[in-house]
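Q: Have a look at the structure that comes next, please.
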Amino acid sequence: MNSLVSYSGSSSEDEGERSKSKSMKRYAQNRLNRTHDTEAPVLKRCRADNASKEHCHGITSSLPLPTAILGMFGDRQRDKEDDPKQHGGRVRSFPHVEGNWASFVYIPVSADERLNSFADKLLTVLQPLNFERMDDLHISLSRTVCIRHHWISPLTESLKEKFQQLHSCYCDVGSVEMYTNDEKSRTFISMEVNPEENNLMEYISVVDTCFREFDLPSFYENPSFHISLIWCVGDVISQITKKMAEKLQRLASEFYNTHPDLSVVPVNQVLLKTGNKTFAFHLQNVDK
């Protein structure tokens, strides 16, 4: 009967097994020698190139990863380079990190062709400085911050809950003001706005409270509320002459006297913009 493992006590079978074992050892040794012979040229070429022993060892002892595997996570790990040309010459306030969403809270201001015409007159006064019109008009209620994607839902719920308890208001448009951002990388020509009461500070208090839940920075301690109409790259305030500034103020006074309906901004809602998403929080209406 055949078996995988058999035991025998005869000397002839022992001799056969020993002979077979010696043959297997010789075969294994010859195969090992052939392997060493094929590796030797690699080592010699490496030494001929004055490479280090460590480099030679790396060539013979490790295999390169396939290109497909090396590229699997390249897009996630590689930092995205900021190209100011893609967004009007503006420079990011902070580097792009995948999974972080640039976000801020603000009051939207309705677009109006009359305001666009007014902004064009301001651009003419400021030539040859390279100002241009703002894409959208708003009153900021927070700094621009980075939030994680999974924070969006709880943050919006928190803001909604608190803002729905506050009342709407009206703001009066005041004089022309000049601002730069924190990094001094942009200059803004803006119209100062003044709330009828302390409403805007109440809105900021809500935003700051919600932001603290996520360890985000608060707004400025003594904020100056404004609507930016035009902007340019860099800090150019020192290049705006006194004559230019006086002309800007005169144009603003004439414009709002001619269009008194635009000299008051109704505030009925607050928006959160995070990445390419926008969330609206409605305020309680106040009878006038």
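Note on naming: chains are A, B, ... as they come in the structure tokens, residues start from 1 per chain, ligands start from 1 in the order shown.
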Pull the closest atom pair for each residue of stretch 221-251 of chain A that gets at most 12 Å from stretch 169-177 of chain A, along with the distance in Å to one decimal, counting only C-alpha atoms, ordering rows by chain and then ascending residue number, as JSON lines.
A:
{"residue": "A:Ser224", "atom": "CA", "partner": "A:Glu177", "partner_atom": "CA", "distance": 9.6}
{"residue": "A:Phe225", "atom": "CA", "partner": "A:Cys171", "partner_atom": "CA", "distance": 9.8}
{"residue": "A:His226", "atom": "CA", "partner": "A:Glu177", "partner_atom": "CA", "distance": 8.0}
{"residue": "A:Ile227", "atom": "CA", "partner": "A:Val173", "partner_atom": "CA", "distance": 8.7}
{"residue": "A:Ser228", "atom": "CA", "partner": "A:Glu177", "partner_atom": "CA", "distance": 8.9}
{"residue": "A:Leu229", "atom": "CA", "partner": "A:Val176", "partner_atom": "CA", "distance": 9.9}
{"residue": "A:Ile230", "atom": "CA", "partner": "A:Glu177", "partner_atom": "CA", "distance": 11.2}
{"residue": "A:Ile237", "atom": "CA", "partner": "A:Glu177", "partner_atom": "CA", "distance": 10.6}
{"residue": "A:Ile240", "atom": "CA", "partner": "A:Glu177", "partner_atom": "CA", "distance": 11.9}
{"residue": "A:Met244", "atom": "CA", "partner": "A:Val176", "partner_atom": "CA", "distance": 11.6}
{"residue": "A:Ala245", "atom": "CA", "partner": "A:Val176", "partner_atom": "CA", "distance": 8.4}
{"residue": "A:Glu246", "atom": "CA", "partner": "A:Val176", "partner_atom": "CA", "distance": 9.5}
{"residue": "A:Lys247", "atom": "CA", "partner": "A:Val176", "partner_atom": "CA", "distance": 10.3}
{"residue": "A:Leu248", "atom": "CA", "partner": "A:Val176", "partner_atom": "CA", "distance": 7.0}
{"residue": "A:Gln249", "atom": "CA", "partner": "A:Val176", "partner_atom": "CA", "distance": 5.8}
{"residue": "A:Arg250", "atom": "CA", "partner": "A:Val176", "partner_atom": "CA", "distance": 9.4}
{"residue": "A:Leu251", "atom": "CA", "partner": "A:Val176", "partner_atom": "CA", "distance": 9.5}
Q: Find the spatial neighbours of stretch 281-283 of chain A, counting only C-alpha atoms, within a cut-off of 9 Å - ignore same-chain residues fewer than 5 positions away - and output them as a PDB file with C-alpha atoms, in the first residue's frame.
A:
ATOM      1  CA  THR A 156     -25.101  75.319   9.807  1.00  0.00           C
ATOM      2  CA  LEU A 159     -26.171  79.113  13.088  1.00  0.00           C
ATOM      3  CA  LYS A 160     -29.730  78.468  11.936  1.00  0.00           C
ATOM      4  CA  GLU A 161     -30.965  77.839  15.473  1.00  0.00           C
ATOM      5  CA  PHE A 163     -30.202  83.425  13.870  1.00  0.00           C
ATOM      6  CA  GLN A 164     -33.886  82.534  13.685  1.00  0.00           C
ATOM      7  CA  GLN A 165     -34.232  84.112  17.130  1.00  0.00           C
ATOM      8  CA  LEU A 166     -32.846  87.480  15.952  1.00  0.00           C
ATOM      9  CA  HIS A 167     -34.608  90.310  14.135  1.00  0.00           C
ATOM     10  CA  SER A 168     -33.979  91.834  10.745  1.00  0.00           C
ATOM     11  CA  CYS A 169     -32.775  95.434  10.502  1.00  0.00           C
ATOM     12  CA  VAL A 267     -30.934  92.978   6.290  1.00  0.00           C
ATOM     13  CA  ASN A 268     -33.353  90.029   6.142  1.00  0.00           C
ATOM     14  CA  GLN A 269     -30.999  87.100   6.055  1.00  0.00           C
ATOM     15  CA  VAL A 270     -27.443  86.011   6.790  1.00  0.00           C
ATOM     16  CA  LEU A 271     -25.453  83.643   4.568  1.00  0.00           C
ATOM     17  CA  LEU A 272     -22.690  81.124   5.187  1.00  0.00           C
TER      18      LEU A 272
END
Q: Quick one: distance from atom CA of A:Ser140 to atom CA of A:Pro108 in Å, one decimal?
A: 8.8 Å
Q: Which one is closest to A:Ile189: A:Val236, A:Ile147, A:Met201, A:Cys210? Count only C-alpha atoms.
A: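 Answer, going by the shortest atom-to-atom distance: A:Val236.
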